[in-house]
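Below is the file work-v1.cif, which contains mmCIF, C-alpha atoms and all ligand atoms.
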```cif
data_data
#
loop_
_atom_site.label_atom_id
_atom_site.label_comp_id
_atom_site.auth_asym_id
_atom_site.auth_seq_id
_atom_site.Cartn_x
_atom_site.Cartn_y
_atom_site.Cartn_z
CA MET A 1 119.16 119.71 86.45
CA ASP A 2 119.98 120.73 82.87
CA LEU A 3 123.07 122.90 82.99
CA ARG A 4 123.32 123.70 79.28
CA TYR A 5 122.62 127.34 78.68
CA SER A 6 119.97 128.37 76.17
CA ASP A 7 120.76 130.83 73.35
CA ALA A 8 118.94 133.56 75.29
CA GLU A 9 121.01 132.86 78.40
CA ARG A 10 124.25 132.97 76.42
CA ALA A 11 123.15 136.26 74.87
CA PHE A 12 122.43 137.60 78.34
CA ALA A 13 125.92 136.59 79.54
CA ASP A 14 127.43 138.35 76.49
CA GLU A 15 125.46 141.49 77.29
CA VAL A 16 126.74 141.51 80.88
CA ARG A 17 130.32 140.83 79.75
CA ASN A 18 130.09 143.64 77.23
CA PHE A 19 128.82 145.98 79.96
CA PHE A 20 131.82 145.26 82.21
CA GLN A 21 134.22 145.69 79.29
CA ASN A 22 132.77 148.89 77.88
CA GLU A 23 130.46 150.72 80.27
CA TYR A 24 131.66 149.91 83.77
CA PRO A 25 134.35 152.24 85.28
CA GLN A 26 137.64 150.65 84.14
CA ASP A 27 139.75 152.47 86.77
CA ILE A 28 137.97 150.45 89.47
CA LEU A 29 138.91 147.20 87.71
CA ASP A 30 142.51 148.45 87.43
CA LYS A 31 142.66 149.20 91.15
CA ARG A 32 141.34 145.73 91.92
CA ARG A 33 143.90 144.14 89.59
CA ARG A 34 146.65 145.97 91.46
CA GLY A 35 145.31 144.76 94.80
CA GLN A 36 144.42 148.28 95.98
CA SER A 37 141.61 149.00 98.41
CA LEU A 38 138.56 150.78 97.06
CA SER A 39 137.27 154.03 98.56
CA LYS A 40 133.62 154.65 99.40
CA GLU A 41 133.42 156.81 96.29
CA ASP A 42 134.75 153.92 94.15
CA LEU A 43 132.17 151.56 95.61
CA GLN A 44 129.44 154.10 95.04
CA ARG A 45 130.45 154.56 91.39
CA SER A 46 130.58 150.81 90.96
CA GLU A 47 127.11 150.31 92.38
CA ARG A 48 125.65 153.28 90.51
CA ALA A 49 126.95 151.85 87.23
CA LEU A 50 125.04 148.64 88.02
CA SER A 51 122.03 150.59 89.22
CA ASP A 52 121.94 152.63 85.98
CA ARG A 53 121.42 149.35 84.15
CA GLY A 54 118.84 148.21 86.73
CA TRP A 55 121.25 145.44 87.79
CA LEU A 56 122.04 146.24 91.42
CA ALA A 57 119.28 144.35 93.21
CA ALA A 58 119.13 140.87 91.71
CA ASN A 59 117.65 139.45 94.92
CA TRP A 60 114.73 141.90 95.26
CA PRO A 61 111.21 141.38 93.91
CA PRO A 62 110.67 143.41 90.70
CA GLU A 63 108.00 145.63 92.31
CA TYR A 64 110.72 147.21 94.48
CA GLY A 65 113.26 147.54 91.67
CA GLY A 66 114.67 144.00 91.56
CA THR A 67 115.88 142.60 88.25
CA GLY A 68 113.31 139.83 87.93
CA TRP A 69 116.10 137.47 86.86
CA ASN A 70 115.71 133.75 87.22
CA VAL A 71 118.31 131.65 89.03
CA THR A 72 120.38 131.08 85.90
CA GLU A 73 120.48 134.77 85.02
CA LYS A 74 121.55 135.68 88.55
CA TYR A 75 124.22 133.07 88.36
CA LEU A 76 125.47 134.25 84.97
CA PHE A 77 125.52 137.84 86.18
CA ASP A 78 127.66 136.92 89.22
CA GLU A 79 129.93 134.90 86.99
CA GLU A 80 130.54 137.86 84.66
CA LEU A 81 130.95 140.35 87.51
CA GLU A 82 133.59 138.18 89.14
CA ARG A 83 135.26 137.30 85.86
CA ALA A 84 135.61 141.02 85.13
CA GLY A 85 137.20 141.48 88.57
CA ALA A 86 134.55 143.98 89.72
CA PRO A 87 133.97 144.28 93.47
CA PRO A 88 131.11 142.22 94.89
CA ILE A 89 128.02 144.25 95.78
CA VAL A 90 128.38 145.65 99.32
CA PRO A 91 125.90 143.33 101.02
CA MET A 92 124.72 145.19 104.13
CA GLY A 93 122.17 147.36 102.30
CA VAL A 94 121.16 145.50 99.15
CA ILE A 95 121.40 141.91 100.39
CA TYR A 96 120.87 142.08 104.17
CA VAL A 97 118.61 144.92 105.30
CA ALA A 98 116.53 145.40 102.14
CA PRO A 99 114.82 141.96 102.33
CA VAL A 100 113.94 142.72 105.98
CA LEU A 101 112.49 146.07 104.92
CA TYR A 102 110.38 144.83 102.03
CA THR A 103 109.21 141.83 104.07
CA PHE A 104 108.58 143.37 107.51
CA GLY A 105 108.90 147.17 107.07
CA SER A 106 106.02 149.66 106.89
CA GLU A 107 105.01 151.20 103.55
CA GLU A 108 106.59 154.46 104.70
CA GLN A 109 109.90 152.69 105.50
CA LYS A 110 109.92 150.97 102.13
CA ARG A 111 109.36 154.30 100.33
CA ARG A 112 111.99 156.03 102.42
CA PHE A 113 114.85 153.53 102.42
CA LEU A 114 114.63 151.16 99.45
CA PRO A 115 115.11 153.74 96.63
CA ASP A 116 118.27 155.11 98.29
CA ILE A 117 119.71 151.61 98.65
CA LEU A 118 118.83 150.89 95.02
CA ARG A 119 120.66 154.05 93.83
CA ALA A 120 123.67 153.42 96.13
CA ASN A 121 122.91 156.76 97.80
CA THR A 122 123.20 155.13 101.22
CA PHE A 123 125.61 152.55 102.56
CA TRP A 124 124.66 150.43 105.56
CA ALA A 125 126.40 148.63 108.41
CA GLN A 126 125.20 145.68 110.47
CA GLY A 127 125.14 146.27 114.23
CA TYR A 128 124.56 142.82 115.69
CA SER A 129 127.74 141.76 117.57
CA GLU A 130 128.87 143.33 120.82
CA PRO A 131 131.99 142.90 122.96
CA GLY A 132 130.05 140.37 125.11
CA ALA A 133 127.66 138.98 122.47
CA GLY A 134 128.87 137.19 119.35
CA SER A 135 127.92 133.53 119.06
CA ASP A 136 125.59 134.14 121.96
CA LEU A 137 124.00 137.03 120.09
CA ALA A 138 120.80 137.02 122.14
CA GLY A 139 122.92 138.03 125.15
CA LEU A 140 123.24 141.54 123.68
CA GLU A 141 123.14 144.50 126.05
CA CYS A 142 122.87 147.59 123.81
CA ARG A 143 119.74 149.30 125.20
CA ALA A 144 117.01 151.40 123.60
CA ASP A 145 114.79 153.09 126.19
CA PRO A 146 111.54 154.73 125.04
CA ASP A 147 111.38 158.52 125.48
CA GLY A 148 108.30 160.14 123.93
CA ASP A 149 108.32 159.32 120.21
CA ASP A 150 111.99 158.32 120.36
CA TYR A 151 114.31 155.74 121.82
CA ILE A 152 117.50 156.65 123.65
CA VAL A 153 120.22 154.19 122.63
CA ASN A 154 123.27 153.34 124.75
CA GLY A 155 125.80 150.56 124.16
CA THR A 156 128.57 149.27 121.93
CA LYS A 157 128.63 147.23 118.73
CA THR A 158 131.87 145.70 117.52
CA TRP A 159 133.47 144.04 114.48
CA THR A 160 131.17 146.27 112.46
CA SER A 161 132.18 145.88 108.79
CA GLN A 162 132.40 149.08 106.75
CA ALA A 163 130.88 151.25 109.50
CA HIS A 164 133.40 153.93 108.49
CA PHE A 165 131.61 154.08 105.10
CA ALA A 166 128.10 153.70 106.43
CA ASP A 167 125.35 156.30 106.39
CA TRP A 168 123.00 154.03 108.34
CA ILE A 169 123.34 151.08 110.67
CA PHE A 170 120.70 148.47 111.45
CA CYS A 171 121.01 147.29 115.03
CA LEU A 172 119.61 144.75 117.39
CA VAL A 173 118.88 146.53 120.65
CA ARG A 174 117.33 145.45 123.91
CA THR A 175 114.03 147.14 124.70
CA SER A 176 113.02 144.88 127.61
CA ARG A 177 114.17 141.94 129.70
CA GLU A 178 111.95 138.88 129.40
CA GLU A 179 112.09 135.27 130.49
CA ARG A 180 113.88 134.21 127.29
CA LYS A 181 116.76 136.42 126.18
CA GLN A 182 115.62 136.18 122.53
CA GLN A 183 112.54 138.13 123.60
CA GLY A 184 112.72 141.89 124.19
CA ILE A 185 115.11 142.49 121.25
CA THR A 186 114.15 145.16 118.72
CA PHE A 187 115.39 145.84 115.16
CA LEU A 188 116.28 149.53 114.88
CA MET A 189 117.75 151.64 112.05
CA ILE A 190 120.08 154.42 113.17
CA ASP A 191 121.40 157.35 111.14
CA MET A 192 125.20 157.31 111.58
CA ASN A 193 125.25 161.12 111.67
CA THR A 194 123.16 161.28 114.84
CA PRO A 195 124.97 162.96 117.78
CA GLY A 196 126.42 160.36 120.17
CA VAL A 197 127.43 157.81 117.47
CA ARG A 198 131.18 157.16 117.48
CA VAL A 199 133.15 154.95 115.05
CA GLU A 200 136.64 153.66 115.84
CA PRO A 201 138.72 151.54 113.42
CA ILE A 202 139.94 147.99 114.04
CA ILE A 203 142.89 147.09 111.77
CA THR A 204 142.93 143.39 110.91
CA VAL A 205 145.88 141.04 110.43
CA ASP A 206 145.89 141.58 106.64
CA GLY A 207 146.71 145.24 107.32
CA GLY A 208 143.30 146.47 106.13
CA HIS A 209 140.61 148.65 107.66
CA HIS A 210 137.43 146.63 107.24
CA LEU A 211 136.16 146.63 110.82
CA ASN A 212 135.14 149.08 113.50
CA THR A 213 133.74 149.50 116.95
CA VAL A 214 130.60 151.64 116.99
CA SER A 215 129.47 153.13 120.29
CA PHE A 216 126.21 154.88 121.13
CA THR A 217 125.95 157.41 123.94
CA ASP A 218 122.44 158.79 124.53
CA VAL A 219 121.64 158.54 120.82
CA ARG A 220 118.11 159.74 120.08
CA VAL A 221 116.40 157.57 117.45
CA PRO A 222 112.79 158.09 116.28
CA GLN A 223 110.57 155.10 117.05
CA SER A 224 109.50 155.29 113.40
CA ASN A 225 112.96 153.80 112.61
CA ARG A 226 111.96 150.54 114.29
CA VAL A 227 111.25 147.68 111.88
CA GLY A 228 108.18 145.64 112.78
CA GLU A 229 107.06 145.15 116.34
CA GLU A 230 108.98 146.13 119.44
CA GLY A 231 110.54 143.07 121.07
CA LYS A 232 110.20 140.90 117.93
CA GLY A 233 113.58 141.81 116.42
CA TRP A 234 115.03 138.32 116.92
CA SER A 235 112.80 136.78 114.26
CA TYR A 236 113.68 139.52 111.73
CA ALA A 237 117.37 139.08 112.61
CA LYS A 238 117.22 135.33 111.96
CA TYR A 239 115.48 135.92 108.61
CA LEU A 240 118.28 138.28 107.65
CA LEU A 241 120.97 135.80 108.67
CA THR A 242 119.65 133.11 106.33
CA HIS A 243 120.00 135.60 103.44
CA GLU A 244 123.45 136.56 104.71
CA ARG A 245 124.72 132.99 104.95
CA THR A 246 123.59 132.14 101.44
CA SER A 247 125.53 135.11 100.08
CA TYR A 248 129.01 133.82 100.88
CA ALA A 249 129.36 131.19 98.15
CA HIS A 250 130.85 133.47 95.43
CA ILE A 251 131.31 130.45 93.18
CA ALA A 252 132.24 132.45 90.11
CA GLY A 253 134.92 134.35 92.04
CA LYS A 254 136.36 131.09 93.33
CA LYS A 255 136.41 129.62 89.83
CA GLU A 256 138.19 132.72 88.61
CA GLN A 257 140.76 132.43 91.44
CA MET A 258 141.35 128.79 90.44
CA ARG A 259 141.68 129.69 86.76
CA LYS A 260 144.21 132.43 87.55
CA LEU A 261 146.04 130.10 89.92
CA GLU A 262 146.43 127.57 87.10
CA GLU A 263 147.70 130.32 84.81
CA PHE A 264 150.15 131.46 87.48
CA ALA A 265 151.32 127.92 88.34
CA ARG A 266 151.99 127.21 84.66
CA ALA A 267 154.16 130.31 84.41
CA THR A 268 156.00 129.87 87.73
CA GLU A 269 159.05 127.65 88.13
CA SER A 270 159.81 125.69 91.25
CA GLY A 271 163.12 123.79 91.27
CA GLY A 272 163.48 123.94 87.49
CA THR A 273 159.96 122.70 86.59
CA ALA A 274 156.72 124.58 86.28
CA LEU A 275 154.76 124.53 89.53
CA TRP A 276 151.82 123.22 87.51
CA ASP A 277 153.81 120.01 86.80
CA ASP A 278 154.59 119.45 90.48
CA VAL A 279 152.63 116.28 91.32
CA GLU A 280 151.98 117.25 94.93
CA PHE A 281 150.76 120.74 94.03
CA ARG A 282 148.50 119.36 91.31
CA ARG A 283 147.04 116.73 93.65
CA ARG A 284 145.99 119.45 96.07
CA TYR A 285 144.82 121.77 93.31
CA ASP A 286 142.60 119.01 91.88
CA ALA A 287 141.21 118.13 95.31
CA VAL A 288 140.14 121.76 95.84
CA ALA A 289 138.70 121.92 92.31
CA VAL A 290 136.50 118.88 93.09
CA GLU A 291 135.34 120.50 96.36
CA LEU A 292 134.51 123.65 94.45
CA THR A 293 132.43 121.74 91.91
CA THR A 294 130.40 120.08 94.65
CA LEU A 295 129.92 123.48 96.31
CA GLU A 296 128.71 124.88 93.01
CA PHE A 297 126.02 122.22 92.71
CA THR A 298 124.93 122.64 96.34
CA THR A 299 124.67 126.38 95.77
CA LEU A 300 122.63 125.94 92.59
CA ARG A 301 120.27 123.57 94.41
CA THR A 302 119.79 126.13 97.21
CA LEU A 303 119.26 129.00 94.77
CA ALA A 304 116.71 126.94 92.85
CA ALA A 305 114.86 126.20 96.10
CA VAL A 306 114.92 129.89 97.05
CA ALA A 307 113.52 130.81 93.62
CA THR A 308 110.47 128.64 94.23
CA GLY A 309 110.07 128.80 97.99
CA GLY A 310 111.04 132.22 99.36
CA ALA A 311 113.66 132.56 102.09
CA PRO A 312 116.53 130.09 102.33
CA GLY A 313 116.23 127.85 105.36
CA ASN A 314 118.72 126.48 107.83
CA GLU A 315 120.43 124.69 104.93
CA SER A 316 122.18 128.02 104.38
CA SER A 317 124.40 126.97 107.31
CA ILE A 318 125.70 124.07 105.21
CA LEU A 319 126.57 126.46 102.40
CA LYS A 320 128.27 128.84 104.79
CA VAL A 321 130.54 126.12 106.23
CA ARG A 322 131.40 124.57 102.87
CA SER A 323 132.03 127.84 101.07
CA THR A 324 134.28 128.99 103.91
CA GLU A 325 136.31 125.79 103.81
CA VAL A 326 136.76 126.00 100.05
CA ALA A 327 137.60 129.72 100.17
CA GLN A 328 140.28 129.06 102.79
CA ALA A 329 141.71 126.11 100.85
CA ILE A 330 142.04 128.26 97.71
CA THR A 331 143.88 131.01 99.57
CA GLU A 332 146.25 128.40 101.05
CA LEU A 333 147.12 127.17 97.55
CA TRP A 334 147.66 130.75 96.44
CA VAL A 335 150.05 131.55 99.27
CA GLU A 336 152.01 128.42 98.53
CA ALA A 337 152.20 129.27 94.85
CA SER A 338 153.14 132.88 95.32
CA GLY A 339 155.79 132.28 97.99
CA TYR A 340 158.18 134.99 98.97
CA PRO A 341 156.95 137.86 96.73
CA GLY A 342 153.52 137.53 98.35
CA LEU A 343 154.87 137.65 101.91
CA ARG A 344 157.01 140.64 101.14
CA ALA A 345 154.05 142.41 99.57
CA VAL A 346 151.86 142.04 102.65
CA ARG A 347 154.66 143.37 104.86
CA ASP A 348 155.00 146.43 102.67
CA ARG A 349 151.25 146.79 102.39
CA SER A 350 150.78 147.10 106.15
CA GLN A 351 153.87 149.25 106.68
CA ALA A 352 153.10 151.68 103.91
CA ASP A 353 149.71 152.87 102.83
CA TRP A 354 147.29 149.95 102.94
CA ASN A 355 144.72 152.14 101.26
CA GLY A 356 147.10 152.89 98.41
CA GLY A 357 148.37 149.37 97.87
CA PRO A 358 151.62 148.23 96.37
CA GLU A 359 150.75 148.95 92.69
CA GLY A 360 152.14 145.58 91.61
CA ALA A 361 155.72 146.69 92.23
CA PHE A 362 157.05 143.40 93.56
CA ALA A 363 155.27 140.70 91.64
CA PRO A 364 152.31 140.14 89.32
CA ALA A 365 149.12 141.49 90.87
CA TRP A 366 147.48 138.25 91.99
CA PRO A 367 150.27 136.90 94.17
CA VAL A 368 150.70 140.34 95.66
CA THR A 369 147.28 140.08 97.24
CA ALA A 370 147.51 136.35 98.01
CA VAL A 371 148.87 136.66 101.53
CA ALA A 372 146.48 139.47 102.51
CA ASP A 373 143.58 137.39 101.13
CA TYR A 374 144.83 134.35 103.00
CA PHE A 375 144.81 136.23 106.29
CA PHE A 376 141.47 137.92 105.77
CA THR A 377 139.78 134.71 104.60
CA ARG A 378 140.56 133.18 108.03
CA ALA A 379 137.84 135.51 109.29
CA GLN A 380 135.20 133.88 107.08
CA SER A 381 134.83 131.01 109.54
CA ILE A 382 134.00 133.63 112.20
CA TYR A 383 131.72 136.24 110.64
CA GLY A 384 128.07 135.57 109.90
CA GLY A 385 128.20 133.01 112.74
CA THR A 386 131.25 130.81 113.36
CA ASN A 387 131.62 127.42 111.70
CA GLU A 388 131.16 125.73 115.08
CA ILE A 389 127.82 127.51 115.51
CA GLN A 390 126.76 126.58 111.95
CA LYS A 391 127.57 122.96 112.73
CA ASN A 392 125.35 123.18 115.83
CA VAL A 393 122.54 124.52 113.59
CA ILE A 394 123.07 121.72 111.07
CA ALA A 395 123.07 119.07 113.80
CA LYS A 396 119.97 120.38 115.58
CA GLN A 397 117.79 121.88 112.89
CA VAL A 398 118.82 120.25 109.61
CA LEU A 399 119.61 116.72 110.85
CA GLY A 400 117.20 116.82 113.82
CA LEU A 401 119.88 115.70 116.33
CA GLU A 402 119.72 117.14 119.83
C1 LIG B 501 135.85 140.04 109.48
C2 LIG B 501 134.65 140.08 110.39
C3 LIG B 501 133.56 140.87 110.03
C4 LIG B 501 132.47 140.98 110.88
N1 LIG B 501 131.45 141.83 110.55
C5 LIG B 501 130.41 142.00 111.41
C6 LIG B 501 129.40 142.95 111.13
O1 LIG B 501 129.43 143.68 110.12
N2 LIG B 501 128.40 143.11 112.03
C7 LIG B 501 128.30 142.34 113.16
O2 LIG B 501 127.36 142.50 113.90
N3 LIG B 501 129.27 141.43 113.47
C8 LIG B 501 130.32 141.25 112.62
N4 LIG B 501 131.33 140.33 112.93
C9 LIG B 501 131.28 139.63 114.20
C10 LIG B 501 130.99 138.14 114.11
O3 LIG B 501 129.64 137.91 113.77
C11 LIG B 501 131.38 137.51 115.46
O4 LIG B 501 132.78 137.65 115.59
C12 LIG B 501 130.99 136.05 115.53
O5 LIG B 501 129.60 135.91 115.64
C13 LIG B 501 131.66 135.33 116.71
O6 LIG B 501 131.46 136.01 117.88
P1 LIG B 501 132.68 136.34 118.88
O7 LIG B 501 133.73 137.01 118.08
O8 LIG B 501 132.11 137.07 120.03
O9 LIG B 501 133.27 134.94 119.33
P2 LIG B 501 132.71 134.00 120.47
O10 LIG B 501 131.23 133.89 120.34
O11 LIG B 501 133.25 134.44 121.77
O12 LIG B 501 133.33 132.59 120.07
C14 LIG B 501 134.68 132.22 120.40
C15 LIG B 501 134.91 130.78 119.98
O13 LIG B 501 134.04 129.90 120.72
C16 LIG B 501 133.27 129.10 119.83
N5 LIG B 501 131.91 128.90 120.39
C17 LIG B 501 131.13 129.85 120.97
N6 LIG B 501 129.95 129.30 121.34
C18 LIG B 501 129.97 128.00 120.97
C19 LIG B 501 129.04 126.92 121.06
N7 LIG B 501 127.82 127.08 121.60
N8 LIG B 501 129.40 125.71 120.55
C20 LIG B 501 130.62 125.54 119.97
N9 LIG B 501 131.56 126.53 119.87
C21 LIG B 501 131.23 127.73 120.35
C22 LIG B 501 133.19 129.89 118.56
O14 LIG B 501 132.95 129.06 117.43
C23 LIG B 501 134.57 130.53 118.51
O15 LIG B 501 135.51 129.63 117.97
C24 LIG B 501 132.42 140.23 112.10
C25 LIG B 501 133.52 139.42 112.45
C26 LIG B 501 134.63 139.35 111.61
C27 LIG B 501 135.79 138.51 112.03
#
```
Step by step, read the file and then write its structure as structure tokens.
Amino acid sequence: MDLRYSDAERAFADEVRNFFQNEYPQDILDKRRRGQSLSKEDLQRSERALSDRGWLAANWPPEYGGTGWNVTEKYLFDEELERAGAPPIVPMGVIYVAPVLYTFGSEEQKRRFLPDILRANTFWAQGYSEPGAGSDLAGLECRADPDGDDYIVNGTKTWTSQAHFADWIFCLVRTSREERKQQGITFLMIDMNTPGVRVEPIITVDGGHHLNTVSFTDVRVPQSNRVGEEGKGWSYAKYLLTHERTSYAHIAGKKEQMRKLEEFARATESGGTALWDDVEFRRRYDAVAVELTTLEFTTLRTLAAVATGGAPGNESSILKVRSTEVAQAITELWVEASGYPGLRAVRDRSQADWNGGPEGAFAPAWPVTAVADYFFTRAQSIYGGTNEIQKNVIAKQVLGLE
């Protein structure tokens, strides 16, 4: 693999950097620097700014409005986005459901849904997990019973990220009971404004509102909102999960966190010497930096394979586990480096207005968010399939062990 960038690639990176410095909404970057949460309107403006440049859907084929970038260009774009401190693209629409739609959806569904996702007119939520079905997802109970041209949906989805922002939710629902529980599951898109849909917040340990419980009581959904065949939803769901698990790496963001951590550790004293000169701290910093480099190469290998061979395979489980471990290790280093100001900030963040944020009143912006990030990053080894489940996939399907 030749990792030297060509002149054209460097020019592309400059163009993207220039866009984030001069054309992208700077108030959104300021909010992020201060550790404040973004509103739906902020996220919409962010995504529209990318969409205006034709840069929102790097993973889509060009015929549907994708960028047509090669692996390196995608990588450089992510690097510049994360270097600028812009929010990552909200994945549920652009990264999760869109590939299912352009791969398995009808022409009518593609025409109806893809342009709105591409213009950030609609935000989506993912309705897979239920109170009794997480790792054992195929045990789901949310029912869709046919009624004329519609289904009537009843049941509960939980841990639903961003459902309070969502206009639509894609759900796995049970349409029949078969011998194997993976059979009889259907992939259904539901308008969140339909009567009978209820969203209730779940506040997480970082003090933020990311998650919700979504319940459906006699919700009428046109059968034309079903993707693909009735009862075949499990295979579409698995296809989506491989895309989802590949999307967690965020290498550029991690490199940026490490760069800022170095900057912070150089400027922070611990017992009369700079934290950066503390041998024990540096040993752990360097160990994480090595892990991050190996993750970067594994990610590049996977992206290169995807570029030539379509959907990522079960190897995406390896990426999910490794990127989670590295993400958690970085947040641990950050908490250690930021110490008391960080802890105090998270206390004040949850007591006061966690949507407003602390405005950097207690410490420089990065350590202010360190503790909240630390807590929320614990969840990464749970969502998208727990690390234990990924290890089962690796053992059975990647290594062929039963
Ligand atoms: C921040 C966050 C965001 C989320 N967002 C969404 C979302 O938008 N949409 C959505 O549908 N879901 C979402 N989830 C739900 C997530 O996918 C589930 O929490 C996850 O699949 C685990 O399911 P569970 O919580 O029911 O835990 P359980 O399945 O009950 O697992 C409990 C523990 O048992 C272990 N375990 C279970 N089975 C096995 C096994 N066979 N072998 C070894 N160990 C096992 C697990 O690893 C875990 O440690 C989110 C979760 C979090 C925390």
Give one line per residue of chain A that approaches ligand LIG 501 (chain B) to at most 7 Å, naming the two atoms of the closest pair and their distance in Å to one decimal, counting only C-alpha atoms and all ligand atoms; sort by chain then ascending residue number and deliver it as a tab-separated table.
```
residue	atom	partner	partner_atom	distance
A:Ala125	CA	B:LIG501	O1	6.1
A:Gln126	CA	B:LIG501	N2	4.4
A:Gly127	CA	B:LIG501	O2	4.4
A:Tyr128	CA	B:LIG501	O2	3.3
A:Ser129	CA	B:LIG501	O2	3.8
A:Pro131	CA	B:LIG501	O8	6.5
A:Gly132	CA	B:LIG501	O8	6.4
A:Ala133	CA	B:LIG501	O8	5.4
A:Gly134	CA	B:LIG501	O6	3.2
A:Ser135	CA	B:LIG501	O10	3.6
A:Asp136	CA	B:LIG501	O10	5.9
A:Lys157	CA	B:LIG501	O2	6.9
A:Thr158	CA	B:LIG501	N3	6.4
A:Trp159	CA	B:LIG501	N4	4.6
A:Thr160	CA	B:LIG501	O1	3.9
A:Ser161	CA	B:LIG501	O1	3.8
A:Leu211	CA	B:LIG501	C3	6.4
A:Ala379	CA	B:LIG501	C27	4.6
A:Gln380	CA	B:LIG501	C1	6.6
A:Ile382	CA	B:LIG501	C12	5.1
A:Tyr383	CA	B:LIG501	C10	4.0
A:Gly384	CA	B:LIG501	O3	4.8
A:Gly385	CA	B:LIG501	O5	4.3
A:Thr386	CA	B:LIG501	O14	4.7
A:Asn387	CA	B:LIG501	O14	6.1
A:Glu388	CA	B:LIG501	O14	4.5
A:Ile389	CA	B:LIG501	N8	5.6
A:Asn392	CA	B:LIG501	N8	6.7
```
Query - Residue with smallest distance to Arg4 (chain A) - pool A:Asn154, A:Gln21, A:Thr72, A:Ser39, counting only C-alpha atoms - result: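 Residue with the minimum atom-to-atom distance to Arg4 (chain A): A:Thr72.
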Query raised in the report: If you count all atoms listed in the file, which residues fall within 12 Å of Thr268 (chain A), apart from same-chain ones fewer than 4 positions away, as a list in words?
Result: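 What passes the distance filter is Leu261, Glu262, Glu263, Phe264, Gly272, Thr273, Ala274, Leu275, Trp276, Asp277, Asp278, Glu336, Ala337, Ser338, Gly339, Ala363, Pro364 and Pro367 of chain A.
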**Report entry** For Glu229 (chain A), the nearest of the candidates A:Gln257, A:Thr299, A:Gln26, A:Gln183, counting only C-alpha atoms
**Finding:**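 Selected residue with least distance to Glu229 (chain A): A:Gln183.
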Check which residues of region 53-155 of chain A sit at most 12 Å from region 184-205 of chain A using all atoms listed in the file, and return one row each with the closest pair of atoms and their distance in Å to one decimal, ordered by chain and rising number, as CSV.
```
residue,atom,partner,partner_atom,distance
A:Gly93,CA,A:Met189,CA,11.5
A:Val97,CA,A:Met189,CA,9.6
A:Ala98,CA,A:Met189,CA,11.8
A:Val100,CA,A:Phe187,CA,9.8
A:Leu101,CA,A:Met189,CA,10.5
A:Phe104,CA,A:Phe187,CA,10.5
A:Gly105,CA,A:Phe187,CA,10.5
A:Gln109,CA,A:Met189,CA,10.3
A:Phe113,CA,A:Met189,CA,10.2
A:Thr122,CA,A:Asp191,CA,10.3
A:Phe123,CA,A:Met192,CA,10.2
A:Trp124,CA,A:Met192,CA,9.2
A:Ala125,CA,A:Met192,CA,9.3
A:Gln126,CA,A:Met189,CA,9.7
A:Gly127,CA,A:Met189,CA,9.4
A:Tyr128,CA,A:Phe187,CA,9.7
A:Leu137,CA,A:Ile185,CA,10.5
A:Ala138,CA,A:Ile185,CA,7.9
A:Gly139,CA,A:Ile185,CA,9.8
A:Leu140,CA,A:Ile185,CA,8.5
A:Glu141,CA,A:Ile185,CA,9.6
A:Cys142,CA,A:Ile185,CA,9.6
A:Arg143,CA,A:Ile185,CA,9.1
A:Ala144,CA,A:Thr186,CA,8.4
A:Asp145,CA,A:Thr186,CA,10.9
A:Pro146,CA,A:Thr186,CA,11.8
A:Asp150,CA,A:Leu188,CA,11.2
A:Tyr151,CA,A:Leu188,CA,9.5
A:Ile152,CA,A:Gly196,CA,10.3
A:Val153,CA,A:Gly196,CA,9.1
A:Asn154,CA,A:Gly196,CA,9.0
A:Gly155,CA,A:Val197,CA,10.0
```
Query raised in the report: What separation in Å, quoted to one decimal, exists between CA of Pro88 (chain A) and CA of Leu56 (chain A)?
Result: 10.5 Å
Requested in this report: Tell me, in Å to one decimal, how far CA of Val94 (chain A) is from CA of Thr369 (chain A).
Outcome: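 Here the two named atoms are 26.7 Å from each other.
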**Report entry** Nearest residue to Asp116 (chain A) from the set A:Glu63, A:Asp373, A:Asp167, A:Glu80 (distances using all atoms listed in the file)
**Finding:**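 Under the stated criterion, the closest residue is A:Asp167.
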Query raised in the report: Do you have the CA of Val326 (chain A)-CA of Ala249 (chain A) distance handy?
Result: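 Between CA of Val326 (chain A) and CA of Ala249 (chain A) the gap works out to 9.2 Å.
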Query raised in the report: Nearest to Gly228 (chain A): which of A:Tyr374, A:Trp168, A:Trp334, A:Tyr102 is it, counting only C-alpha atoms?
Result: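 Of A:Tyr374, A:Trp168, A:Trp334, A:Tyr102, the one nearest Gly228 (chain A) is A:Tyr102, counting only C-alpha atoms.
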